[in-house]
file upload_1.cif (mmCIF, C-alpha atoms)
data_coords
#
loop_
_atom_site.label_atom_id
_atom_site.label_comp_id
_atom_site.auth_asym_id
_atom_site.auth_seq_id
_atom_site.Cartn_x
_atom_site.Cartn_y
_atom_site.Cartn_z
CA MET A 1423 0.00 0.00 0.00
CA ARG A 1424 1.39 3.37 -1.03
CA ARG A 1425 1.10 6.56 0.95
CA SER A 1426 0.17 9.59 -1.10
CA SER A 1427 1.36 12.27 1.31
CA THR A 1428 3.55 15.03 -0.12
CA ARG A 1429 5.28 15.86 3.15
CA THR A 1430 8.83 17.15 2.60
CA ASN A 1431 11.56 14.78 3.71
CA ARG A 1432 13.98 16.32 6.21
CA LYS A 1433 17.00 14.12 5.70
CA ARG A 1434 19.44 13.81 8.56
CA SER A 1435 23.10 13.60 7.70
CA GLY A 1436 25.87 11.96 9.70
CA ARG A 1437 25.67 9.92 12.87
CA SER A 1438 26.39 12.48 15.52
CA GLY A 1439 24.78 12.61 18.96
CA PRO A 1440 25.43 13.26 22.62
CA VAL A 1441 27.88 10.96 24.36
CA LEU A 1442 27.72 9.06 27.65
CA VAL A 1443 30.10 8.89 30.56
CA LEU A 1444 29.41 6.15 33.13
CA THR A 1445 30.46 3.53 35.66
CA MET A 1446 31.81 -0.14 35.67
CA ALA A 1447 34.78 -2.66 35.17
CA VAL A 1448 36.86 -5.46 33.48
CA SER A 1449 36.64 -7.77 30.36
CA LEU A 1450 34.01 -8.11 27.68
CA GLY A 1451 32.11 -10.67 25.63
CA ALA A 1452 28.81 -11.23 23.86
CA ALA A 1453 27.11 -13.84 21.72
CA GLY A 1454 27.26 -13.27 18.00
CA CYS A 1455 25.27 -14.89 15.22
CA GLY A 1456 25.82 -17.91 13.02
CA GLY A 1457 28.40 -19.37 15.40
CA ARG A 1458 30.45 -16.16 15.54
CA THR A 1459 31.64 -14.77 18.84
CA ASP A 1460 31.65 -11.07 19.67
CA PRO A 1461 33.86 -9.13 20.02
CA THR A 1462 36.10 -10.20 17.14
CA PRO A 1463 39.35 -8.31 16.45
CA VAL A 1464 39.57 -7.08 12.85
CA ALA A 1465 42.75 -5.86 11.18
CA GLU A 1466 41.12 -2.92 9.36
CA CYS A 1467 40.74 -1.06 12.65
CA PRO A 1468 43.90 -1.51 14.73
CA GLY A 1469 42.98 -2.06 18.36
CA CYS A 1470 39.26 -2.39 17.56
CA SER A 1471 36.95 -5.31 18.21
CA TYR A 1472 34.04 -5.63 15.81
CA VAL A 1473 30.63 -6.82 17.02
CA HIS A 1474 27.47 -7.94 15.20
CA SER A 1475 25.16 -6.73 17.98
CA ASP A 1476 24.61 -3.00 18.57
CA ASN A 1477 23.98 -3.80 22.26
CA PRO A 1478 26.64 -6.36 23.29
CA VAL A 1479 26.47 -7.48 26.90
CA LEU A 1480 29.57 -6.40 28.80
CA THR A 1481 30.93 -9.10 31.10
CA GLY A 1482 34.03 -9.61 33.17
CA THR A 1483 35.48 -10.30 36.61
CA ALA A 1484 36.85 -7.97 39.28
CA GLU A 1485 39.23 -8.80 42.13
CA LEU A 1486 38.17 -7.83 45.66
CA ALA A 1487 40.55 -7.51 48.60
CA VAL A 1488 40.88 -6.05 52.09
CA GLN A 1489 42.06 -2.46 51.54
CA SER A 1490 43.16 -0.27 54.49
CA GLY A 1491 41.10 -2.38 56.87
CA SER A 1492 37.96 -2.23 54.69
CA VAL A 1493 36.60 -5.48 53.24
CA GLU A 1494 35.56 -5.03 49.62
CA GLU A 1495 32.41 -7.09 49.14
CA ALA A 1496 29.90 -7.76 46.33
CA LEU A 1497 26.47 -9.18 47.14
CA ARG A 1498 23.48 -10.24 45.09
CA SER A 1499 20.74 -12.12 46.93
CA ASP A 1500 17.95 -12.01 44.32
CA ASP A 1501 17.32 -11.48 40.62
CA SER A 1502 16.96 -7.70 40.67
CA SER A 1503 19.19 -6.02 43.29
CA TRP A 1504 22.83 -5.93 44.39
CA ARG A 1505 25.28 -4.12 46.68
CA PHE A 1506 28.97 -3.20 46.54
CA ASN A 1507 30.65 -2.51 49.91
CA HIS A 1508 33.80 -0.35 50.10
CA PHE A 1509 34.42 -0.30 46.34
CA GLU A 1510 32.78 0.63 43.06
CA LEU A 1511 33.24 -0.21 39.38
CA THR A 1512 33.20 2.69 36.96
CA LEU A 1513 32.82 2.44 33.21
CA ALA A 1514 33.53 5.44 30.99
CA VAL A 1515 32.09 5.09 27.48
CA THR A 1516 33.19 7.73 24.98
CA GLY A 1517 32.99 8.27 21.24
CA GLY A 1518 30.61 6.22 19.16
CA ASP A 1519 27.72 7.74 17.27
CA ALA A 1520 24.66 7.83 19.57
CA ALA A 1521 23.75 8.91 23.08
CA GLN A 1522 24.52 6.19 25.61
CA GLY A 1523 22.32 7.47 28.42
CA SER A 1524 18.93 5.88 28.92
CA MET A 1525 16.03 8.01 27.73
CA ASN A 1526 14.67 7.63 31.26
CA GLU A 1527 17.97 8.16 33.08
CA PRO A 1528 18.40 6.96 36.67
CA ASP A 1529 20.17 9.36 38.99
CA PRO A 1530 23.14 9.64 39.35
CA TYR A 1531 24.15 7.24 36.57
CA THR A 1532 23.48 7.24 32.83
CA GLY A 1533 23.90 4.37 30.42
CA PRO A 1534 25.16 0.87 31.34
CA VAL A 1535 25.58 -0.04 35.01
CA PRO A 1536 27.38 -3.20 36.28
CA TRP A 1537 26.02 -5.74 38.70
CA PRO A 1538 27.01 -9.31 39.71
CA SER A 1539 26.18 -11.82 36.96
CA GLY A 1540 24.52 -14.21 39.40
CA ARG A 1541 23.52 -14.59 43.01
CA GLY A 1542 26.28 -14.77 45.58
CA ASP A 1543 28.31 -13.10 48.29
CA TRP A 1544 31.93 -12.39 47.40
CA ALA A 1545 34.03 -11.26 50.39
CA PRO A 1546 37.83 -11.68 50.69
CA ALA A 1547 39.89 -12.65 53.73
CA PRO A 1548 42.89 -10.41 54.61
CA GLU A 1549 45.34 -12.62 52.70
CA ASN A 1550 42.93 -14.18 50.25
CA PRO A 1551 41.50 -11.92 47.49
CA VAL A 1552 38.44 -13.15 45.58
CA THR A 1553 37.02 -12.40 42.15
CA PHE A 1554 33.38 -11.99 41.20
CA PRO A 1555 31.70 -11.98 37.76
CA TRP A 1556 29.77 -8.93 36.57
CA GLU A 1557 27.68 -7.95 33.60
CA ALA A 1558 26.33 -4.71 32.17
CA HIS A 1559 23.59 -4.00 29.66
CA GLY A 1560 22.78 -1.01 27.50
CA VAL A 1561 25.96 0.03 25.72
CA ARG A 1562 25.21 1.27 22.21
CA VAL A 1563 27.71 0.40 19.50
CA GLY A 1564 27.66 2.02 16.06
CA TYR A 1565 29.83 2.45 12.99
CA ASN A 1566 32.24 4.83 14.73
CA SER A 1567 34.67 3.60 17.39
CA LEU A 1568 33.29 3.36 20.91
CA THR A 1569 35.94 3.39 23.65
CA ILE A 1570 35.29 1.63 26.95
CA ASP A 1571 37.53 2.26 29.95
CA ALA A 1572 36.82 0.45 33.20
CA VAL A 1573 38.21 1.32 36.63
CA LYS A 1574 37.78 -0.25 40.05
CA ARG A 1575 37.97 2.28 42.89
CA GLY A 1576 38.24 1.36 46.57
CA LYS A 1577 37.17 3.23 49.69
CA ALA A 1578 40.74 4.39 50.25
CA HIS A 1579 40.62 6.06 46.80
CA ASN A 1580 43.00 3.48 45.33
CA THR A 1581 42.23 2.90 41.66
CA ALA A 1582 43.19 0.31 39.05
CA GLN A 1583 42.67 0.28 35.28
CA ALA A 1584 40.51 -2.75 34.64
CA LEU A 1585 39.74 -2.58 30.94
CA HIS A 1586 40.47 -0.62 27.79
CA GLN A 1587 38.61 -1.72 24.69
CA VAL A 1588 37.39 -0.17 21.44
CA LEU A 1589 34.23 -1.52 19.80
CA ARG A 1590 32.60 -1.01 16.42
CA LEU A 1591 29.73 -2.59 14.54
CA TYR A 1592 30.81 -4.82 11.70
CA PRO A 1593 30.65 -2.73 8.50
CA ASP A 1594 28.10 -5.14 7.01
CA THR A 1595 25.74 -4.95 10.00
CA ILE A 1596 22.86 -2.61 9.11
CA LEU A 1597 21.59 -0.38 11.91
CA VAL A 1598 17.95 0.61 11.33
CA PRO A 1599 16.53 3.68 13.13
CA ILE A 1600 12.98 3.25 14.44
CA GLN A 1601 10.61 5.79 16.00
CA VAL A 1602 7.66 4.91 18.22
CA ALA A 1603 4.34 6.74 18.40
CA GLU A 1604 1.95 5.79 21.20
CA LEU A 1605 -1.51 6.89 20.03
CA VAL A 1606 -3.87 8.23 22.70
CA PRO A 1607 -7.47 9.50 22.27
CA ASP A 1608 -8.11 13.23 22.40
CA TYR A 1609 -11.82 14.06 22.09
CA ALA A 1610 -14.86 14.61 24.29
CA GLY A 1611 -16.19 11.39 25.75
CA ALA A 1612 -13.13 9.41 24.73
CA PRO A 1613 -12.78 6.06 26.51
CA SER A 1614 -9.79 5.45 28.75
CA PRO A 1615 -6.85 4.26 26.67
CA GLY A 1616 -6.33 1.53 29.26
CA ILE A 1617 -2.93 -0.13 29.03
CA THR A 1618 -1.55 2.72 26.92
CA GLU A 1619 -1.67 4.96 29.99
CA HIS A 1620 1.28 2.98 31.36
CA GLU A 1621 3.44 3.09 28.25
CA ASP A 1622 6.42 5.42 28.35
CA GLU A 1623 9.72 6.05 26.63
CA ALA A 1624 11.75 3.59 28.71
CA THR A 1625 9.19 0.78 28.29
CA ASN A 1626 9.27 1.12 24.52
CA GLU A 1627 13.04 1.52 24.37
CA VAL A 1628 13.64 -1.92 25.87
CA TRP A 1629 11.78 -3.54 22.95
CA PHE A 1630 14.48 -2.35 20.56
CA ASP A 1631 17.63 -2.10 22.69
CA ASP A 1632 19.10 -4.00 25.64
CA ARG A 1633 18.31 -1.13 28.02
CA TRP A 1634 17.22 -2.22 31.49
CA GLY A 1635 15.61 0.12 33.99
CA VAL A 1636 18.22 0.70 36.74
CA HIS A 1637 18.30 2.63 40.00
CA VAL A 1638 21.61 3.20 41.82
CA GLN A 1639 22.36 4.88 45.16
CA LYS A 1640 25.79 5.72 46.58
CA VAL A 1641 26.24 6.17 50.34
CA SER A 1642 29.12 7.95 52.08
CA ALA A 1643 30.63 7.06 55.44
CA PRO A 1644 30.39 9.53 58.39
CA ASP A 1645 33.82 10.92 57.51
CA GLY A 1646 32.62 11.72 54.01
CA SER A 1647 34.48 8.91 52.24
CA PHE A 1648 32.73 6.46 49.91
CA ASP A 1649 31.12 3.59 51.83
CA HIS A 1650 28.84 1.47 49.65
CA LEU A 1651 26.74 1.38 46.52
CA SER A 1652 23.36 -0.33 46.20
CA GLY A 1653 21.33 -0.84 43.07
CA SER A 1654 18.28 -2.50 41.59
CA PHE A 1655 17.13 -3.24 38.06
CA ALA A 1656 14.03 -4.46 36.25
CA PRO A 1657 14.92 -7.88 34.78
CA ARG A 1658 13.42 -9.20 31.58
CA PRO A 1659 10.28 -11.34 32.13
CA ASP A 1660 12.05 -14.60 31.28
CA SER A 1661 15.08 -16.06 29.52
CA SER A 1662 13.37 -16.93 26.23
CA GLY A 1663 14.19 -13.63 24.53
CA ALA A 1664 10.91 -11.94 25.53
CA THR A 1665 11.30 -8.30 26.38
CA GLY A 1666 9.43 -5.21 27.53
CA TYR A 1667 5.99 -4.83 29.10
CA TYR A 1668 4.54 -7.38 26.68
CA PRO A 1669 6.23 -10.74 25.97
CA GLN A 1670 7.75 -9.67 22.66
CA ILE A 1671 10.69 -11.52 21.14
CA GLU A 1672 13.48 -8.98 20.75
CA PRO A 1673 13.69 -7.94 17.06
CA ASP A 1674 17.49 -7.63 17.27
CA ALA A 1675 17.67 -11.31 18.23
CA VAL A 1676 15.43 -12.32 15.31
CA PHE A 1677 17.15 -10.23 12.62
CA ARG A 1678 20.72 -10.84 13.78
CA GLN A 1679 20.76 -13.78 11.34
CA CYS A 1680 20.47 -11.14 8.59
CA ASP A 1681 23.05 -8.82 10.21
CA ILE A 1682 20.31 -6.25 10.91
CA GLN A 1683 19.92 -4.38 14.19
CA PHE A 1684 17.27 -1.86 15.28
CA ARG A 1685 17.60 1.25 17.43
CA MET A 1686 14.79 3.36 18.84
CA ILE A 1687 15.75 6.96 18.18
CA ALA A 1688 12.61 8.77 19.33
CA PHE A 1689 9.31 8.29 21.18
CA ARG A 1690 6.19 10.46 21.29
CA LYS A 1691 2.71 10.15 22.68
CA VAL A 1692 0.45 11.38 19.89
CA LYS A 1693 -3.08 12.66 20.51
CA VAL A 1694 -5.51 11.48 17.85
CA PRO A 1695 -9.17 12.26 17.07
CA LYS A 1696 -12.07 9.85 17.27
CA HIS A 1697 -11.96 8.54 13.69
CA ILE A 1698 -8.36 7.32 14.22
CA TRP A 1699 -8.78 5.95 17.73
CA GLU A 1700 -12.06 4.14 17.05
CA MET A 1701 -11.51 3.62 13.29
CA VAL A 1702 -14.88 5.12 12.36
CA ASP A 1703 -16.13 7.61 9.76
CA ALA A 1704 -17.95 10.89 10.47
CA ALA A 1705 -21.24 9.01 10.94
CA GLY A 1706 -19.68 6.60 13.41
CA HIS A 1707 -19.56 3.62 11.04
CA GLN A 1708 -16.62 1.25 11.37
CA LEU A 1709 -13.86 1.67 8.78
CA CYS A 1710 -13.47 -1.83 7.39
CA ASP A 1711 -11.96 -1.29 3.94
CA ASP A 1712 -8.22 -1.08 3.43
CA ALA A 1713 -8.26 2.36 1.81
CA SER A 1714 -10.22 4.01 4.65
CA ARG A 1715 -8.09 2.43 7.36
CA LEU A 1716 -4.91 3.42 5.55
CA SER A 1717 -6.13 7.00 5.19
CA ALA A 1718 -6.79 7.17 8.95
CA LEU A 1719 -3.35 5.79 9.72
CA GLU A 1720 -1.75 8.28 7.31
CA HIS A 1721 -3.47 11.03 9.30
CA ALA A 1722 -2.04 9.54 12.52
CA LEU A 1723 1.40 9.48 10.93
CA ASP A 1724 1.10 13.18 9.98
CA LEU A 1725 0.15 13.97 13.59
CA ALA A 1726 3.21 12.01 14.76
CA PHE A 1727 5.44 14.16 12.55
CA GLN A 1728 3.78 17.28 13.94
CA ALA A 1729 4.54 15.97 17.43
CA GLY A 1730 8.26 15.89 16.60
CA LEU A 1731 9.03 12.56 14.93
CA GLU A 1732 11.31 12.60 11.88
CA PRO A 1733 9.95 11.92 8.37
CA SER A 1734 13.40 10.47 7.59
CA ALA A 1735 12.93 7.36 9.78
CA ALA A 1736 10.29 4.62 9.94
CA VAL A 1737 7.53 4.85 12.57
CA VAL A 1738 5.88 2.12 14.63
CA MET A 1739 2.47 3.25 15.93
CA TYR A 1740 0.72 1.49 18.82
CA THR A 1741 -3.01 1.85 19.27
CA LEU A 1742 -5.86 0.18 21.15
CA SER A 1743 -7.39 -1.70 18.23
CA LEU A 1744 -7.33 -1.76 14.44
CA ALA A 1745 -10.04 -4.27 13.58
CA GLY A 1746 -12.96 -3.00 15.68
CA ASP A 1747 -16.09 -4.83 14.53
CA CYS A 1748 -14.66 -5.63 11.11
CA HIS A 1749 -14.86 -9.26 10.05
CA TYR A 1750 -11.29 -9.81 8.97
CA LEU A 1751 -8.45 -11.61 10.67
CA ASP A 1752 -5.37 -9.60 9.76
CA ILE A 1753 -5.69 -6.58 12.07
CA ARG A 1754 -2.30 -5.09 11.28
CA GLU A 1755 -1.48 -2.26 8.90
CA ALA A 1756 1.98 -1.61 7.53
CA CYS A 1757 3.58 0.19 4.62
CA SER A 1758 7.04 -0.87 3.46
CA VAL A 1759 10.06 1.17 2.53
CA GLU A 1760 9.58 -0.09 -1.04
CA SER A 1761 5.97 1.13 -1.24
CA CYS A 1762 5.91 4.28 0.86
CA ARG A 1763 7.81 7.50 1.15
CA TYR A 1764 7.22 7.31 4.91
CA PRO A 1765 7.20 3.63 5.92
CA PHE A 1766 5.28 2.71 9.05
CA ALA A 1767 3.53 -0.09 10.91
CA ALA A 1768 0.49 0.20 13.16
CA ILE A 1769 0.09 -2.46 15.83
CA ALA A 1770 -2.86 -3.09 18.14
CA HIS A 1771 -2.06 -3.67 21.81
CA PHE A 1772 -4.09 -6.88 21.64
CA ASN A 1773 -1.58 -8.29 19.18
CA LEU A 1774 1.39 -7.31 21.33
CA GLN A 1775 -0.18 -9.21 24.22
CA SER A 1776 -0.98 -12.37 22.28
CA HIS A 1777 1.72 -12.65 19.59
CA PRO A 1778 5.30 -12.66 20.93
CA HIS A 1779 6.75 -12.23 17.44
CA MET A 1780 4.38 -9.41 16.37
CA LEU A 1781 6.82 -6.51 16.62
CA SER A 1782 9.47 -8.42 14.66
CA ARG A 1783 6.92 -9.38 12.02
CA GLU A 1784 5.70 -5.79 11.56
CA LEU A 1785 9.29 -4.62 11.23
CA GLY A 1786 9.63 -7.29 8.55
CA TYR A 1787 6.78 -5.65 6.65
CA ILE A 1788 8.50 -2.27 6.93
CA LEU A 1789 11.67 -3.83 5.48
CA GLY A 1790 9.70 -5.18 2.52
CA MET A 1791 9.20 -8.80 3.59
CA LYS A 1792 5.94 -10.43 2.49
CA ASP A 1793 3.47 -12.84 4.06
CA LEU A 1794 4.31 -16.45 3.29
CA PRO A 1795 1.49 -18.71 2.03
CA PHE A 1796 0.37 -21.81 3.88
CA ASN A 1797 2.60 -24.81 3.23
CA PRO A 1798 2.16 -28.10 5.11
CA ASP A 1799 5.92 -28.57 5.28
CA SER A 1800 7.27 -25.10 6.02
CA CYS A 1801 4.40 -22.76 6.93
CA SER A 1802 1.69 -24.58 8.86
CA GLY A 1803 1.68 -23.02 12.32
CA LYS A 1804 4.70 -24.79 13.81
CA PRO A 1805 7.14 -22.92 16.10
CA THR A 1806 9.90 -23.66 13.57
CA ASP A 1807 8.06 -21.87 10.75
CA PRO A 1808 9.58 -18.69 9.27
CA LEU A 1809 8.69 -15.33 10.83
CA MET A 1810 6.37 -14.15 8.04
CA CYS A 1811 4.11 -17.20 8.29
CA GLY A 1812 2.22 -15.38 11.05
CA GLY A 1813 0.21 -17.30 13.61
CA LYS A 1814 0.73 -17.18 17.35
CA SER A 1815 4.01 -19.04 17.73
CA GLY A 1816 7.16 -17.11 18.51
CA PHE A 1817 8.86 -17.64 15.16
CA THR A 1818 12.48 -16.53 15.09
CA GLN A 1819 13.70 -17.70 11.66
CA THR A 1820 13.31 -15.32 8.73
CA GLY A 1821 13.18 -18.12 6.17
CA ALA A 1822 15.28 -18.96 3.12
CA GLY A 1823 15.96 -15.98 0.90
CA SER A 1824 14.22 -13.50 3.21
CA CYS A 1825 17.43 -11.90 4.47
CA SER A 1826 18.26 -10.45 1.05
CA THR A 1827 14.89 -8.67 0.95
CA ALA A 1828 15.20 -7.51 4.54
CA ARG A 1829 18.72 -6.18 4.01
CA ARG A 1830 17.64 -4.15 0.96
CA GLY A 1831 14.93 -2.47 3.00
CA ALA A 1832 17.17 -2.04 6.03
CA ALA A 1833 19.90 -0.43 3.92
CA ALA A 1834 17.40 2.03 2.41
CA LEU A 1835 16.15 3.07 5.87
CA SER A 1836 19.64 3.32 7.34
CA ASN A 1837 20.96 5.39 4.45
CA LYS A 1838 17.96 7.72 4.54
CA TYR A 1839 18.49 8.63 8.18
CA TYR A 1840 22.21 8.22 8.89
CA GLY A 1841 23.57 9.17 5.47
CA THR A 1842 24.80 6.82 2.76
CA HIS A 1843 26.68 3.85 4.18
CA PHE A 1844 25.33 0.80 2.30
#
call {"tool": "encode", "arguments": {"input": "upload_1.cif", "output": "structure tokens"}}
result
Amino acid sequence: MRRSSTRTNRKRSGRSGPVLVLTMAVSLGAAGCGGRTDPTPVAECPGCSYVHSDNPVLTGTAELAVQSGSVEEALRSDDSSWRFNHFELTLAVTGGDAAQGSMNEPDPYTGPVPWPSGRGDWAPAPENPVTFPWEAHGVRVGYNSLTIDAVKRGKAHNTAQALHQVLRLYPDTILVPIQVAELVPDYAGAPSPGITEHEDEATNEVWFDDRWGVHVQKVSAPDGSFDHLSGSFAPRPDSSGATGYYPQIEPDAVFRQCDIQFRMIAFRKVKVPKHIWEMVDAAGHQLCDDASRLSALEHALDLAFQAGLEPSAAVVMYTLSLAGDCHYLDIREACSVESCRYPFAAIAHFNLQSHPHMLSRELGYILGMKDLPFNPDSCSGKPTDPLMCGGKSGFTQTGAGSCSTARRGAAALSNKYYGTHF
């Protein structure tokens, strides 16, 4: 379906953005795709390690000891909180090409924060140092070099360089910018938007990037010196790849097989009139034909641009419902980069709740991927079916030949926003 809007495209050039400075420590590793391991040193960038994920998990170990009579200790007793006594890990992240800080930044930290990788209590004896494993989520890697420097600092102000590493995305990994518009009703007598009242920037960000909600508090001793640090984070719902408020499979995990990664660059709540929110015409009749529904969604897209979203990047719009009383099963609407000047997808909250692969599938439509027809061998409702088969299973395979289509669309979107790279 082609949009007919004549809105002027405001192309963004370059990949510049604000930079993060933050806290943490030691070595690094992350799972790649197709059997590859990240980070992988590459000769073209001396001293660099190239990664296929734009959000690699930082991991490492730190040595704890008794320093000036103070026992350095790391504790984690549950799945969402931890404590560091008499020491802290600090991670400074500089360079790169996008802001590292969370869009809903916890005070006093921004960006990735370290915590113990598992439950435990690590405390050294005076002559017996111990090491503990840590991990950190949320670093954003792009096409420009991102430098990570880690330092462990004790209560006595003793410091030690724990890590120096430079990361870049592989040149053939396509980073696709995505914007999110949360539609909300704005008219007299409008019903409560329900679940949409609880959606915010941070909730939507975690669907596209490995950005966990974190709260950190530092406490000083009576003499003013550093004493301990405590923190908590909101873990993902489970270990199956589901993410965010709804159990959505992370699109980055699905499209990594195609060397495609997504990044949410903007979020807006967009007020919409009755005919968009309820999908009705002026007389209150349900809009059930494709052309009328598309026209309403084009109006919503124009309102999203007026609210501050960029015409130079694709938009995902969330709304309460798209089908209403219409007697048709496919209640999604999407317009691909091949068909539209301003590609978008509209997704009903019902689908996000019931289809764990829905966000990935709608992004597939934006990239130009097509629905696959029923096939008893390869597209019949099995969990191993390709992503574009649809259904309710959490499909994670794009299917034979689909990556070439997806990469063409991804390259077009990336080039349009970041400037020509592919």
call {"tool": "closest_residue", "arguments": {"input": "upload_1.cif", "among": "A:Trp1504, A:Phe1648, A:Trp1556, A:Trp1537", "to": "Gly1482 of chain A", "atoms": "all atoms listed in the file"}}
result
A:Trp1556
call {"tool": "atom_distance", "arguments": {"input": "upload_1.cif", "atom1": "atom CA of Leu1789 of chain A", "atom2": "atom CA of Ala1828 of chain A"}}
result
5.2 Å
call {"tool": "closest_residue", "arguments": {"input": "upload_1.cif", "among": "A:Tyr1609, A:Tyr1740, A:Phe1655, A:Phe1766", "to": "His1697 of chain A", "atoms": "only C-alpha atoms"}}
result
A:Tyr1609
call {"tool": "resolve_selection", "arguments": {"input": "upload_1.cif", "expression": "the PyMOL selection byres ((chain A and resi 1635) around 7)", "output": "list in words"}}
result
Arg1633, Trp1634, Val1636, Phe1655 and Ala1656 of chain A
call {"tool": "closest_residue", "arguments": {"input": "upload_1.cif", "among": "A:Gln1683, A:Ser1802, A:Ser1471, A:Ser1539", "to": "Ile1600 of chain A", "atoms": "only C-alpha atoms"}}
result
A:Gln1683
call {"tool": "closest_residue", "arguments": {"input": "upload_1.cif", "among": "A:Gln1670, A:Ser1776, A:Asn1837, A:Ser1475", "to": "Arg1562 of chain A", "atoms": "all atoms listed in the file"}}
result
A:Ser1475
call {"tool": "atom_distance", "arguments": {"input": "upload_1.cif", "atom1": "atom CA of Arg1575 of chain A", "atom2": "atom CA of His1637 of chain A"}}
result
19.9 Å
call {"tool": "atom_distance", "arguments": {"input": "upload_1.cif", "atom1": "atom CA of Pro1695 of chain A", "atom2": "atom CA of Ala1770 of chain A"}}
result
16.6 Å
call {"tool": "closest_residue", "arguments": {"input": "upload_1.cif", "among": "A:Lys1693, A:Ala1705, A:Glu1755, A:Ser1490", "to": "Phe1727 of chain A", "atoms": "all atoms listed in the file"}}
result
A:Lys1693
call {"tool": "resolve_selection", "arguments": {"input": "upload_1.cif", "expression": "the PyMOL selection byres ((chain A and resi 1560) around 6)", "output": "short mmCIF file (atom, residue, chain, number, x, y, z; two decimals) with C-alpha atoms, in the coordinates of the input"}}
result
data_model
loop_
_atom_site.label_atom_id
_atom_site.label_comp_id
_atom_site.auth_asym_id
_atom_site.auth_seq_id
_atom_site.Cartn_x
_atom_site.Cartn_y
_atom_site.Cartn_z
CA PRO A 1534 25.16 0.87 31.34
CA HIS A 1559 23.59 -4.00 29.66
CA VAL A 1561 25.96 0.03 25.72
CA ASP A 1632 19.10 -4.00 25.64
CA ARG A 1633 18.31 -1.13 28.02
#
call {"tool": "decode", "arguments": {"input": "upload_1.cif", "residues": "segment 1680-1692 of chain A", "atoms": "N, CA and C atoms", "output": "PDB file, in the first residue's frame"}}
result
ATOM      1  N   CYS A1680      20.333 -11.910   9.834  1.00  0.00           N
ATOM      2  CA  CYS A1680      20.471 -11.142   8.591  1.00  0.00           C
ATOM      3  C   CYS A1680      21.466  -9.999   8.751  1.00  0.00           C
ATOM      4  N   ASP A1681      22.155  -9.938   9.887  1.00  0.00           N
ATOM      5  CA  ASP A1681      23.049  -8.824  10.210  1.00  0.00           C
ATOM      6  C   ASP A1681      22.309  -7.491  10.150  1.00  0.00           C
ATOM      7  N   ILE A1682      21.124  -7.463  10.779  1.00  0.00           N
ATOM      8  CA  ILE A1682      20.311  -6.250  10.908  1.00  0.00           C
ATOM      9  C   ILE A1682      20.041  -6.009  12.390  1.00  0.00           C
ATOM     10  N   GLN A1683      20.217  -4.774  12.828  1.00  0.00           N
ATOM     11  CA  GLN A1683      19.918  -4.382  14.195  1.00  0.00           C
ATOM     12  C   GLN A1683      19.027  -3.131  14.169  1.00  0.00           C
ATOM     13  N   PHE A1684      18.183  -2.985  15.199  1.00  0.00           N
ATOM     14  CA  PHE A1684      17.267  -1.861  15.279  1.00  0.00           C
ATOM     15  C   PHE A1684      17.622  -0.982  16.475  1.00  0.00           C
ATOM     16  N   ARG A1685      17.363   0.317  16.322  1.00  0.00           N
ATOM     17  CA  ARG A1685      17.603   1.246  17.430  1.00  0.00           C
ATOM     18  C   ARG A1685      16.454   2.244  17.495  1.00  0.00           C
ATOM     19  N   MET A1686      15.835   2.358  18.669  1.00  0.00           N
ATOM     20  CA  MET A1686      14.786   3.356  18.838  1.00  0.00           C
ATOM     21  C   MET A1686      15.440   4.716  19.029  1.00  0.00           C
ATOM     22  N   ILE A1687      15.121   5.645  18.141  1.00  0.00           N
ATOM     23  CA  ILE A1687      15.753   6.956  18.181  1.00  0.00           C
ATOM     24  C   ILE A1687      14.841   8.035  18.738  1.00  0.00           C
ATOM     25  N   ALA A1688      13.524   7.751  18.833  1.00  0.00           N
ATOM     26  CA  ALA A1688      12.606   8.770  19.335  1.00  0.00           C
ATOM     27  C   ALA A1688      11.299   8.120  19.755  1.00  0.00           C
ATOM     28  N   PHE A1689      10.608   8.758  20.694  1.00  0.00           N
ATOM     29  CA  PHE A1689       9.307   8.294  21.185  1.00  0.00           C
ATOM     30  C   PHE A1689       8.420   9.511  21.415  1.00  0.00           C
ATOM     31  N   ARG A1690       7.166   9.414  21.011  1.00  0.00           N
ATOM     32  CA  ARG A1690       6.192  10.459  21.287  1.00  0.00           C
ATOM     33  C   ARG A1690       4.838   9.830  21.584  1.00  0.00           C
ATOM     34  N   LYS A1691       4.125  10.437  22.538  1.00  0.00           N
ATOM     35  CA  LYS A1691       2.712  10.146  22.684  1.00  0.00           C
ATOM     36  C   LYS A1691       1.974  11.114  21.769  1.00  0.00           C
ATOM     37  N   VAL A1692       1.105  10.588  20.925  1.00  0.00           N
ATOM     38  CA  VAL A1692       0.453  11.383  19.887  1.00  0.00           C
ATOM     39  C   VAL A1692      -1.061  11.368  20.116  1.00  0.00           C
TER      40      VAL A1692
END
